[in-house]
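> My file is protein35.cif. It has mmCIF, C-alpha atoms:
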```
data_start
loop_
_atom_site.group_PDB
_atom_site.id
_atom_site.type_symbol
_atom_site.label_atom_id
_atom_site.label_comp_id
_atom_site.auth_asym_id
_atom_site.auth_seq_id
_atom_site.Cartn_x
_atom_site.Cartn_y
_atom_site.Cartn_z
ATOM 1 C CA MET A 25 27.921 108.252 -39.701
ATOM 2 C CA GLY A 26 27.242 106.135 -42.787
ATOM 3 C CA ILE A 27 29.589 103.485 -44.027
ATOM 4 C CA GLY A 28 31.108 104.515 -47.355
ATOM 5 C CA HIS A 29 32.425 101.940 -49.758
ATOM 6 C CA ASP A 30 33.603 102.070 -53.352
ATOM 7 C CA HIS A 31 32.375 98.682 -54.449
ATOM 8 C CA GLY A 32 33.388 98.654 -58.084
ATOM 9 C CA HIS A 33 36.075 97.176 -60.270
ATOM 10 C CA THR A 34 37.712 100.524 -60.934
ATOM 11 C CA HIS A 35 38.839 102.919 -58.253
ATOM 12 C CA GLY A 36 38.913 106.557 -59.164
ATOM 13 C CA GLY A 37 40.369 106.305 -62.679
ATOM 14 C CA PRO A 38 39.979 104.782 -66.095
ATOM 15 C CA PRO A 39 39.754 101.027 -66.402
ATOM 16 C CA PRO A 40 43.027 99.163 -66.768
ATOM 17 C CA ALA A 41 42.449 98.629 -70.477
ATOM 18 C CA GLY A 42 41.982 102.394 -71.021
ATOM 19 C CA THR A 43 39.024 104.239 -72.484
ATOM 20 C CA ALA A 44 36.761 102.724 -75.115
ATOM 21 C CA GLY A 45 38.459 104.677 -77.879
ATOM 22 C CA ALA A 46 41.973 103.461 -76.996
ATOM 23 C CA ALA A 47 41.408 100.028 -78.539
ATOM 24 C CA HIS A 48 40.786 101.688 -81.915
ATOM 25 C CA ARG A 49 43.768 104.050 -81.946
ATOM 26 C CA TRP A 50 45.510 102.349 -84.871
ATOM 27 C CA ARG A 51 42.335 102.389 -86.950
ATOM 28 C CA LEU A 52 42.061 106.135 -86.443
ATOM 29 C CA ARG A 53 45.685 106.553 -87.551
ATOM 30 C CA VAL A 54 45.093 104.647 -90.780
ATOM 31 C CA ALA A 55 41.860 106.583 -91.408
ATOM 32 C CA LEU A 56 43.744 109.859 -90.865
ATOM 33 C CA ALA A 57 46.440 108.892 -93.387
ATOM 34 C CA ILE A 58 43.780 107.925 -95.954
ATOM 35 C CA THR A 59 41.810 111.125 -95.354
ATOM 36 C CA LEU A 60 44.840 113.374 -95.833
ATOM 37 C CA SER A 61 45.797 111.570 -99.038
ATOM 38 C CA VAL A 62 42.303 111.793 -100.541
ATOM 39 C CA MET A 63 41.956 115.438 -99.501
ATOM 40 C CA VAL A 64 45.017 116.341 -101.590
ATOM 41 C CA VAL A 65 43.750 114.269 -104.519
ATOM 42 C CA GLU A 66 40.306 115.919 -104.406
ATOM 43 C CA VAL A 67 41.736 119.439 -104.196
ATOM 44 C CA VAL A 68 43.794 118.746 -107.325
ATOM 45 C CA GLY A 69 40.791 117.113 -109.014
ATOM 46 C CA GLY A 70 38.453 119.942 -108.067
ATOM 47 C CA LEU A 71 40.801 122.546 -109.524
ATOM 48 C CA LEU A 72 41.375 120.584 -112.719
ATOM 49 C CA ALA A 73 37.671 119.786 -113.235
ATOM 50 C CA ASP A 74 36.433 123.141 -111.853
ATOM 51 C CA SER A 75 34.055 121.143 -109.649
ATOM 52 C CA LEU A 76 32.726 122.888 -106.539
ATOM 53 C CA ALA A 77 31.335 119.564 -105.326
ATOM 54 C CA LEU A 78 34.848 118.051 -105.314
ATOM 55 C CA ILE A 79 36.317 121.131 -103.608
ATOM 56 C CA ALA A 80 33.498 121.018 -101.054
ATOM 57 C CA ASP A 81 34.198 117.355 -100.375
ATOM 58 C CA ALA A 82 37.918 118.137 -100.016
ATOM 59 C CA ALA A 83 37.126 120.936 -97.555
ATOM 60 C CA HIS A 84 35.000 118.513 -95.568
ATOM 61 C CA MET A 85 37.873 116.020 -95.607
ATOM 62 C CA ALA A 86 40.183 118.728 -94.250
ATOM 63 C CA THR A 87 37.897 119.136 -91.236
ATOM 64 C CA ASP A 88 37.788 115.346 -90.957
ATOM 65 C CA ALA A 89 41.580 115.234 -90.835
ATOM 66 C CA VAL A 90 41.587 117.799 -88.037
ATOM 67 C CA GLY A 91 38.832 115.862 -86.273
ATOM 68 C CA LEU A 92 40.685 112.547 -86.561
ATOM 69 C CA GLY A 93 43.847 114.206 -85.295
ATOM 70 C CA MET A 94 41.967 115.612 -82.301
ATOM 71 C CA ALA A 95 40.397 112.219 -81.644
ATOM 72 C CA LEU A 96 43.853 110.613 -81.532
ATOM 73 C CA LEU A 97 45.215 113.380 -79.307
ATOM 74 C CA ALA A 98 42.212 113.032 -76.996
ATOM 75 C CA ILE A 99 42.754 109.273 -76.702
ATOM 76 C CA HIS A 100 46.386 109.922 -75.768
ATOM 77 C CA PHE A 101 45.398 112.288 -72.961
ATOM 78 C CA ALA A 102 42.337 110.292 -71.909
ATOM 79 C CA ASN A 103 44.480 107.258 -71.149
ATOM 80 C CA ARG A 104 47.017 109.057 -69.000
ATOM 81 C CA PRO A 105 46.953 107.840 -65.378
ATOM 82 C CA PRO A 106 44.889 109.705 -62.761
ATOM 83 C CA THR A 107 46.549 112.119 -60.353
ATOM 84 C CA PRO A 108 45.560 113.402 -56.889
ATOM 85 C CA LYS A 109 44.203 116.543 -58.586
ATOM 86 C CA ARG A 110 42.570 114.834 -61.585
ATOM 87 C CA THR A 111 41.148 111.698 -60.031
ATOM 88 C CA TYR A 112 39.754 110.445 -63.343
ATOM 89 C CA GLY A 113 42.826 111.540 -65.273
ATOM 90 C CA TYR A 114 41.929 113.124 -68.603
ATOM 91 C CA ALA A 115 39.267 110.565 -69.517
ATOM 92 C CA ARG A 116 36.785 113.261 -70.547
ATOM 93 C CA ALA A 117 39.202 114.618 -73.171
ATOM 94 C CA GLU A 118 37.581 112.187 -75.622
ATOM 95 C CA ILE A 119 34.168 113.766 -75.057
ATOM 96 C CA LEU A 120 35.592 117.255 -75.545
ATOM 97 C CA ALA A 121 37.148 116.071 -78.822
ATOM 98 C CA ALA A 122 33.774 114.707 -79.935
ATOM 99 C CA LEU A 123 32.200 118.115 -79.205
ATOM 100 C CA ALA A 124 34.960 119.888 -81.131
ATOM 101 C CA ASN A 125 34.335 117.525 -84.048
ATOM 102 C CA CYS A 126 30.662 118.514 -83.999
ATOM 103 C CA LEU A 127 31.563 122.188 -84.254
ATOM 104 C CA LEU A 128 33.934 121.455 -87.141
ATOM 105 C CA LEU A 129 31.267 119.451 -88.948
ATOM 106 C CA LEU A 130 28.710 122.224 -88.568
ATOM 107 C CA GLY A 131 31.259 124.730 -89.865
ATOM 108 C CA ALA A 132 32.032 122.527 -92.860
ATOM 109 C CA GLY A 133 28.337 122.067 -93.601
ATOM 110 C CA GLY A 134 27.738 125.806 -93.468
ATOM 111 C CA TYR A 135 30.691 126.495 -95.773
ATOM 112 C CA VAL A 136 29.498 123.968 -98.360
ATOM 113 C CA LEU A 137 25.946 125.393 -98.344
ATOM 114 C CA TYR A 138 27.244 128.928 -98.763
ATOM 115 C CA GLU A 139 29.537 128.010 -101.668
ATOM 116 C CA ALA A 140 26.741 126.057 -103.367
ATOM 117 C CA ILE A 141 24.472 129.110 -103.287
ATOM 118 C CA GLN A 142 27.290 131.233 -104.712
ATOM 119 C CA ARG A 143 27.736 128.727 -107.561
ATOM 120 C CA PHE A 144 24.036 129.121 -108.452
ATOM 121 C CA ILE A 145 24.574 132.875 -108.640
ATOM 122 C CA THR A 146 27.800 132.569 -110.630
ATOM 123 C CA PRO A 147 27.703 129.323 -112.666
ATOM 124 C CA ALA A 148 30.930 127.547 -113.672
ATOM 125 C CA GLU A 149 31.815 124.960 -116.300
ATOM 126 C CA THR A 150 32.454 121.634 -114.545
ATOM 127 C CA LYS A 151 34.357 118.855 -116.356
ATOM 128 C CA GLY A 152 32.257 115.778 -115.598
ATOM 129 C CA GLY A 153 34.765 113.146 -116.733
ATOM 130 C CA LEU A 154 37.559 114.308 -114.444
ATOM 131 C CA ALA A 155 35.137 114.728 -111.546
ATOM 132 C CA ILE A 156 34.021 111.100 -111.935
ATOM 133 C CA VAL A 157 37.592 109.810 -111.691
ATOM 134 C CA PHE A 158 38.420 111.778 -108.565
ATOM 135 C CA ALA A 159 35.046 111.018 -106.942
ATOM 136 C CA LEU A 160 35.666 107.277 -107.426
ATOM 137 C CA VAL A 161 39.078 107.575 -105.770
ATOM 138 C CA GLY A 162 37.525 109.413 -102.817
ATOM 139 C CA LEU A 163 34.701 106.907 -102.479
ATOM 140 C CA ALA A 164 37.056 103.912 -102.467
ATOM 141 C CA ALA A 165 39.251 105.487 -99.800
ATOM 142 C CA ASN A 166 36.280 106.425 -97.630
ATOM 143 C CA MET A 167 34.913 102.881 -97.765
ATOM 144 C CA VAL A 168 38.238 101.570 -96.436
ATOM 145 C CA SER A 169 38.164 104.093 -93.570
ATOM 146 C CA LEU A 170 34.542 103.242 -92.747
ATOM 147 C CA SER A 171 35.361 99.536 -92.527
ATOM 148 C CA LEU A 172 38.111 100.388 -90.019
ATOM 149 C CA LEU A 173 35.920 102.556 -87.784
ATOM 150 C CA VAL A 174 32.523 100.782 -87.925
ATOM 151 C CA ARG A 175 33.183 98.664 -84.834
ATOM 152 C CA GLY A 176 34.702 101.411 -82.704
ATOM 153 C CA GLN A 177 31.855 103.866 -83.349
ATOM 154 C CA LYS A 178 29.532 101.611 -81.338
ATOM 155 C CA GLU A 179 31.796 101.806 -78.286
ATOM 156 C CA SER A 180 33.134 105.376 -78.209
ATOM 157 C CA LEU A 181 31.546 108.769 -78.877
ATOM 158 C CA ASN A 182 34.970 110.021 -79.868
ATOM 159 C CA VAL A 183 35.362 107.318 -82.527
ATOM 160 C CA ARG A 184 31.720 107.806 -83.543
ATOM 161 C CA GLY A 185 32.464 111.448 -84.307
ATOM 162 C CA ALA A 186 35.290 110.354 -86.611
ATOM 163 C CA TYR A 187 33.093 107.648 -88.153
ATOM 164 C CA LEU A 188 30.283 110.088 -88.914
ATOM 165 C CA GLU A 189 32.735 112.464 -90.556
ATOM 166 C CA VAL A 190 34.059 109.710 -92.825
ATOM 167 C CA LEU A 191 30.495 108.507 -93.528
ATOM 168 C CA ALA A 192 29.500 112.005 -94.574
ATOM 169 C CA ASP A 193 32.554 112.051 -96.837
ATOM 170 C CA ALA A 194 31.558 108.739 -98.417
ATOM 171 C CA LEU A 195 28.049 110.032 -99.055
ATOM 172 C CA GLY A 196 29.603 113.215 -100.421
ATOM 173 C CA SER A 197 31.714 111.204 -102.863
ATOM 174 C CA VAL A 198 28.600 109.375 -104.054
ATOM 175 C CA THR A 199 26.837 112.688 -104.536
ATOM 176 C CA VAL A 200 29.785 114.137 -106.472
ATOM 177 C CA LEU A 201 29.842 111.003 -108.609
ATOM 178 C CA VAL A 202 26.144 111.248 -109.457
ATOM 179 C CA ALA A 203 26.458 114.952 -110.278
ATOM 180 C CA ALA A 204 29.477 114.333 -112.517
ATOM 181 C CA VAL A 205 27.650 111.577 -114.401
ATOM 182 C CA VAL A 206 24.647 113.895 -114.938
ATOM 183 C CA ILE A 207 26.917 116.682 -116.225
ATOM 184 C CA LEU A 208 28.773 114.306 -118.533
ATOM 185 C CA ALA A 209 25.549 112.783 -119.885
ATOM 186 C CA THR A 210 23.366 115.888 -120.181
ATOM 187 C CA GLY A 211 25.622 118.941 -119.772
ATOM 188 C CA TRP A 212 23.371 120.230 -116.963
ATOM 189 C CA GLN A 213 25.885 122.263 -114.916
ATOM 190 C CA ALA A 214 23.442 122.949 -112.064
ATOM 191 C CA ALA A 215 23.986 119.342 -110.935
ATOM 192 C CA ASP A 216 27.313 120.386 -109.344
ATOM 193 C CA PRO A 217 25.987 123.037 -106.896
ATOM 194 C CA ILE A 218 22.924 120.849 -106.211
ATOM 195 C CA ALA A 219 25.283 118.040 -105.212
ATOM 196 C CA SER A 220 27.098 120.491 -102.947
ATOM 197 C CA LEU A 221 23.813 121.428 -101.263
ATOM 198 C CA VAL A 222 23.034 117.750 -100.693
ATOM 199 C CA ILE A 223 26.472 117.196 -99.116
ATOM 200 C CA GLY A 224 25.930 120.126 -96.752
ATOM 201 C CA LEU A 225 22.454 118.956 -95.766
ATOM 202 C CA MET A 226 23.709 115.410 -95.092
ATOM 203 C CA ILE A 227 26.261 116.677 -92.592
ATOM 204 C CA VAL A 228 23.966 118.612 -90.264
ATOM 205 C CA PRO A 229 21.417 116.052 -88.886
ATOM 206 C CA ARG A 230 24.051 113.449 -87.905
ATOM 207 C CA THR A 231 26.175 116.159 -86.335
ATOM 208 C CA LEU A 232 23.304 117.447 -84.212
ATOM 209 C CA LYS A 233 22.568 113.906 -82.991
ATOM 210 C CA LEU A 234 26.190 113.383 -81.963
ATOM 211 C CA MET A 235 26.266 116.809 -80.304
ATOM 212 C CA ARG A 236 23.176 115.947 -78.260
ATOM 213 C CA GLU A 237 24.792 112.731 -76.998
ATOM 214 C CA THR A 238 28.044 114.558 -76.251
ATOM 215 C CA LEU A 239 26.289 117.319 -74.314
ATOM 216 C CA ASP A 240 24.388 114.676 -72.316
ATOM 217 C CA VAL A 241 27.751 113.344 -71.106
ATOM 218 C CA LEU A 242 29.102 116.815 -70.303
ATOM 219 C CA LEU A 243 25.889 117.707 -68.452
ATOM 220 C CA GLU A 244 26.233 114.427 -66.496
ATOM 221 C CA SER A 245 22.912 113.021 -67.611
ATOM 222 C CA ALA A 246 22.154 109.398 -66.773
ATOM 223 C CA PRO A 247 24.083 106.988 -69.033
ATOM 224 C CA LYS A 248 22.309 105.998 -72.221
ATOM 225 C CA GLY A 249 20.057 102.992 -71.627
ATOM 226 C CA VAL A 250 20.014 103.403 -67.824
ATOM 227 C CA ASP A 251 16.538 104.128 -66.420
ATOM 228 C CA MET A 252 17.089 105.675 -62.986
ATOM 229 C CA MET A 253 13.582 104.813 -61.768
ATOM 230 C CA GLU A 254 14.219 101.194 -62.681
ATOM 231 C CA VAL A 255 17.599 101.283 -60.917
ATOM 232 C CA ARG A 256 15.930 102.588 -57.757
ATOM 233 C CA GLU A 257 13.258 99.871 -57.910
ATOM 234 C CA HIS A 258 15.869 97.127 -58.267
ATOM 235 C CA LEU A 259 17.916 98.436 -55.343
ATOM 236 C CA LEU A 260 14.857 98.767 -53.109
ATOM 237 C CA ALA A 261 13.895 95.176 -53.883
ATOM 238 C CA LEU A 262 17.110 93.825 -52.336
ATOM 239 C CA PRO A 263 16.887 92.222 -48.850
ATOM 240 C CA GLY A 264 17.577 94.641 -46.014
ATOM 241 C CA VAL A 265 17.297 97.797 -48.148
ATOM 242 C CA GLN A 266 14.758 100.263 -46.732
ATOM 243 C CA ASP A 267 15.357 103.338 -48.854
ATOM 244 C CA VAL A 268 17.692 104.853 -51.470
ATOM 245 C CA HIS A 269 18.503 108.555 -51.735
ATOM 246 C CA ASP A 270 21.150 110.783 -53.358
ATOM 247 C CA LEU A 271 21.097 108.366 -56.287
ATOM 248 C CA HIS A 272 23.215 109.667 -59.171
ATOM 249 C CA ALA A 273 24.536 108.134 -62.388
ATOM 250 C CA TRP A 274 26.638 109.758 -65.066
ATOM 251 C CA THR A 275 29.274 108.986 -67.701
ATOM 252 C CA ILE A 276 32.929 109.989 -67.407
ATOM 253 C CA THR A 277 33.648 109.005 -71.014
ATOM 254 C CA SER A 278 32.333 106.422 -73.468
ATOM 255 C CA GLY A 279 32.234 102.978 -71.856
ATOM 256 C CA MET A 280 32.778 104.382 -68.357
ATOM 257 C CA PRO A 281 29.429 104.839 -66.529
ATOM 258 C CA VAL A 282 29.521 105.726 -62.836
ATOM 259 C CA LEU A 283 26.885 105.493 -60.097
ATOM 260 C CA SER A 284 26.695 106.584 -56.466
ATOM 261 C CA ALA A 285 23.933 106.215 -53.881
ATOM 262 C CA HIS A 286 23.155 106.435 -50.186
ATOM 263 C CA VAL A 287 21.379 103.224 -49.195
ATOM 264 C CA VAL A 288 19.343 103.017 -45.993
ATOM 265 C CA VAL A 289 19.502 99.488 -44.579
ATOM 266 C CA ASP A 290 18.146 97.708 -41.516
ATOM 267 C CA ALA A 291 20.351 96.818 -38.544
ATOM 268 C CA THR A 292 21.227 93.336 -39.845
ATOM 269 C CA ALA A 293 23.102 94.894 -42.780
ATOM 270 C CA LEU A 294 25.363 97.034 -40.625
ATOM 271 C CA ASP A 295 27.425 94.326 -38.930
ATOM 272 C CA ALA A 296 30.568 93.079 -40.683
ATOM 273 C CA VAL A 297 28.930 90.089 -42.407
ATOM 274 C CA GLY A 298 25.731 91.880 -43.365
ATOM 275 C CA HIS A 299 27.657 94.903 -44.611
ATOM 276 C CA GLU A 300 29.750 92.895 -47.065
ATOM 277 C CA LYS A 301 26.762 90.802 -48.168
ATOM 278 C CA THR A 302 24.648 93.888 -48.882
ATOM 279 C CA LEU A 303 27.410 95.603 -50.837
ATOM 280 C CA HIS A 304 27.916 92.459 -52.900
ATOM 281 C CA GLU A 305 24.197 92.255 -53.690
ATOM 282 C CA LEU A 306 24.047 95.932 -54.649
ATOM 283 C CA GLN A 307 27.004 95.513 -56.971
ATOM 284 C CA GLU A 308 25.653 92.339 -58.549
ATOM 285 C CA CYS A 309 22.302 94.042 -59.140
ATOM 286 C CA LEU A 310 23.858 96.896 -61.088
ATOM 287 C CA VAL A 311 26.279 94.775 -63.090
ATOM 288 C CA GLY A 312 23.659 92.171 -63.894
ATOM 289 C CA HIS A 313 20.816 94.470 -64.877
ATOM 290 C CA PHE A 314 22.411 97.750 -65.953
ATOM 291 C CA ASP A 315 26.055 97.065 -66.896
ATOM 292 C CA VAL A 316 27.345 99.650 -64.401
ATOM 293 C CA GLU A 317 30.449 98.390 -62.612
ATOM 294 C CA HIS A 318 31.956 101.552 -61.120
ATOM 295 C CA CYS A 319 29.720 102.196 -58.108
ATOM 296 C CA THR A 320 30.035 103.957 -54.766
ATOM 297 C CA PHE A 321 27.527 103.052 -52.049
ATOM 298 C CA GLN A 322 27.128 104.542 -48.608
ATOM 299 C CA LEU A 323 25.221 102.244 -46.260
ATOM 300 C CA GLU A 324 23.276 104.124 -43.594
ATOM 301 C CA PRO A 325 21.023 103.280 -40.662
ATOM 302 C CA SER A 326 17.477 104.598 -40.659
ATOM 303 C CA GLY A 327 17.329 108.322 -39.793
ATOM 304 C CA HIS A 328 20.834 109.147 -40.959
ATOM 305 C CA ALA A 329 19.550 111.210 -43.922
ATOM 306 C CA GLU A 330 18.070 113.798 -41.521
ATOM 307 C CA HIS A 331 21.493 114.124 -39.874
ATOM 308 C CA GLU A 332 23.072 114.748 -43.282
ATOM 309 C CA ALA A 333 20.563 117.512 -44.024
ATOM 310 C CA ARG A 334 21.455 119.304 -40.785
ATOM 311 C CA LEU A 335 25.159 119.097 -41.597
ATOM 312 C CA CYS A 336 24.564 120.842 -44.934
ATOM 313 C CA HIS A 337 23.073 123.984 -43.342
#
```
Starting from the file, give its structure as structure tokens.

Amino acid sequence: MGIGHDHGHTHGGPPPAGTAGAAHRWRLRVALAITLSVMVVEVVGGLLADSLALIADAAHMATDAVGLGMALLAIHFANRPPTPKRTYGYARAEILAALANCLLLLGAGGYVLYEAIQRFITPAETKGGLAIVFALVGLAANMVSLSLLVRGQKESLNVRGAYLEVLADALGSVTVLVAAVVILATGWQAADPIASLVIGLMIVPRTLKLMRETLDVLLESAPKGVDMMEVREHLLALPGVQDVHDLHAWTITSGMPVLSAHVVVDATALDAVGHEKTLHELQECLVGHFDVEHCTFQLEPSGHAEHEARLCH
């Protein structure tokens, strides 16, 4: 029988400091408060100025508010302690929230595109001056939110989903602003639905990219930046290691990569001293080269893999 050993700094649950998104909880709260405030302002402005672009941006902000709320709720659950039934706790709740945000973003983008087409069919008189004022308010608020979330989006997919929503809002405010200036300067009313189309088209590509990364986590693909062939080569290069099989790496949630492997070693690595030395070298290899700290290794003598195969029949 092989010698199993969880040789990592975390043991079956989230790291002591919590998930990557937990450190940015307060930033998400402030961004949520700003988003809700600007959403109300833009709804009022859109109705007063009869600007579809402002209404579209407000609708997008409404989905952002829901997304930010879900992100905060996910962080709350993700940082609950593990239980005997849920050995990683609810850490993956953050990834599910990121996926839900993607679906909301796609829905918002579709709504904006549909309404823009309708506005081409049935033109409306947009008041450019009012639209400029409300677009400037929205842009200023979005820039504050972006500054709060820019750091966290590099560490957490959940926070990145919120960041991308706010970024799309900021770009939307710029687009509304440009359209309002064109209407005010030239009277060309088509600038409003064109701006709405641009807002909708800006949402989709970023959302699909985030969705792809989120699905990679849910499908337990190798962590981003970890080349499994390179991992295998590094492990095989360690003294006493003869072979590596059942090598798996995946991500529980952002900032929490996990790896497990069965490592075939020679006889010198199976006594007490050699066992500990080999485990230490395996761990140091992964931390040093691949930034993977949560690892489970099973050290086996030569020929043990065939025994495992028979047990599985």
> Show which residues sit within 12 Å of Ala132 in chain A, as a VMD selection string. Count only C-alpha atoms, and ignore same-chain residues fewer than 5 positions away.
chain A and resid 79 to 88 90 to 91 125 to 127 137 to 139 189 192 to 193 220 to 221 223 to 228 231
> What are the nearest atom pairs, with distances in Å to one decimal, for all residues of range 222-275 of chain A that come at most 12 Å from range 302-326 of chain A, using only C-alpha atoms, set out by chain and rising residue number as a Markdown table?

```
| residue | atom | partner | partner_atom | distance |
| --- | --- | --- | --- | --- |
| A:Ala246 | CA | A:Val316 | CA | 11.3 |
| A:Pro247 | CA | A:Val316 | CA | 9.3 |
| A:Lys248 | CA | A:Phe314 | CA | 10.4 |
| A:Gly249 | CA | A:Phe314 | CA | 8.1 |
| A:Val250 | CA | A:Phe314 | CA | 6.4 |
| A:Asp251 | CA | A:Phe314 | CA | 8.7 |
| A:Met252 | CA | A:Phe314 | CA | 10.0 |
| A:Glu254 | CA | A:Phe314 | CA | 9.5 |
| A:Val255 | CA | A:Leu310 | CA | 7.6 |
| A:Arg256 | CA | A:Leu310 | CA | 10.3 |
| A:Glu257 | CA | A:Cys309 | CA | 10.8 |
| A:His258 | CA | A:Cys309 | CA | 7.2 |
| A:Leu259 | CA | A:Leu306 | CA | 6.7 |
| A:Leu260 | CA | A:Leu306 | CA | 9.7 |
| A:Ala261 | CA | A:Cys309 | CA | 10.0 |
| A:Leu262 | CA | A:Glu305 | CA | 7.4 |
| A:Pro263 | CA | A:Thr302 | CA | 7.9 |
| A:Gly264 | CA | A:Thr302 | CA | 7.7 |
| A:Val265 | CA | A:Thr302 | CA | 8.4 |
| A:Gln266 | CA | A:Ser326 | CA | 7.9 |
| A:Asp267 | CA | A:Ser326 | CA | 8.6 |
| A:Val268 | CA | A:Leu323 | CA | 9.5 |
| A:His269 | CA | A:Gln322 | CA | 10.0 |
| A:Asp270 | CA | A:Gln322 | CA | 9.9 |
| A:Leu271 | CA | A:Phe321 | CA | 9.4 |
| A:His272 | CA | A:Thr320 | CA | 9.9 |
| A:Ala273 | CA | A:Cys319 | CA | 9.0 |
| A:Trp274 | CA | A:Val316 | CA | 10.2 |
| A:Thr275 | CA | A:Val316 | CA | 10.1 |
```
> Include C-alpha atoms and write out the residues we just selected as an mmCIF file, in the frame of the given file.

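Final output, saved to selection-v8.cif:
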```cif
data_model
loop_
_atom_site.group_PDB
_atom_site.id
_atom_site.type_symbol
_atom_site.label_atom_id
_atom_site.label_comp_id
_atom_site.auth_asym_id
_atom_site.auth_seq_id
_atom_site.Cartn_x
_atom_site.Cartn_y
_atom_site.Cartn_z
ATOM 1 C CA ALA A 246 22.154 109.398 -66.773
ATOM 2 C CA PRO A 247 24.083 106.988 -69.033
ATOM 3 C CA LYS A 248 22.309 105.998 -72.221
ATOM 4 C CA GLY A 249 20.057 102.992 -71.627
ATOM 5 C CA VAL A 250 20.014 103.403 -67.824
ATOM 6 C CA ASP A 251 16.538 104.128 -66.420
ATOM 7 C CA MET A 252 17.089 105.675 -62.986
ATOM 8 C CA GLU A 254 14.219 101.194 -62.681
ATOM 9 C CA VAL A 255 17.599 101.283 -60.917
ATOM 10 C CA ARG A 256 15.930 102.588 -57.757
ATOM 11 C CA GLU A 257 13.258 99.871 -57.910
ATOM 12 C CA HIS A 258 15.869 97.127 -58.267
ATOM 13 C CA LEU A 259 17.916 98.436 -55.343
ATOM 14 C CA LEU A 260 14.857 98.767 -53.109
ATOM 15 C CA ALA A 261 13.895 95.176 -53.883
ATOM 16 C CA LEU A 262 17.110 93.825 -52.336
ATOM 17 C CA PRO A 263 16.887 92.222 -48.850
ATOM 18 C CA GLY A 264 17.577 94.641 -46.014
ATOM 19 C CA VAL A 265 17.297 97.797 -48.148
ATOM 20 C CA GLN A 266 14.758 100.263 -46.732
ATOM 21 C CA ASP A 267 15.357 103.338 -48.854
ATOM 22 C CA VAL A 268 17.692 104.853 -51.470
ATOM 23 C CA HIS A 269 18.503 108.555 -51.735
ATOM 24 C CA ASP A 270 21.150 110.783 -53.358
ATOM 25 C CA LEU A 271 21.097 108.366 -56.287
ATOM 26 C CA HIS A 272 23.215 109.667 -59.171
ATOM 27 C CA ALA A 273 24.536 108.134 -62.388
ATOM 28 C CA TRP A 274 26.638 109.758 -65.066
ATOM 29 C CA THR A 275 29.274 108.986 -67.701
#
```
> Residues within 7 Å of Thr150 in chain A, please, as a VMD selection string. Count only C-alpha atoms; anything in the same chain fewer than 5 positions from it doesn't count.
chain A and resid 73 to 75 213
> Just how far from CA of His286 in chain A is CA of Gly113 in chain A, in Å to one decimal?
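Answer for the CA of Gly113 in chain A to CA of His286 in chain A separation: 25.3 Å.
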> Between A:Ala89, A:Val289, A:Ile276, A:Leu56, single out the one closest to Leu243 in chain A, counting only C-alpha atoms.
A:Ile276
> I'd like the residues picked by the PyMOL selection byres ((chain A and resi 70) around 12) written out as number ranges by chain, using the chain letters and numbers from the file.
A: 62-69, 71-83, 149-159, 162, 200, 204, 216
> Assuming 4 Å of padding per side, give the centre and edge lengths of the axis-aligned box around every listed atom of range 113-119 of chain A, in Å to one decimal and as JSON.

```
{"center_x": 38.5, "center_y": 112.6, "center_z": -70.4, "size_x": 16.7, "size_y": 12.1, "size_z": 18.3}
```
> Just give me the gap between CA of Val190 in chain A and CA of Tyr135 in chain A in Å, one decimal is fine.
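Between CA of Val190 in chain A and CA of Tyr135 in chain A the gap is 17.4 Å.
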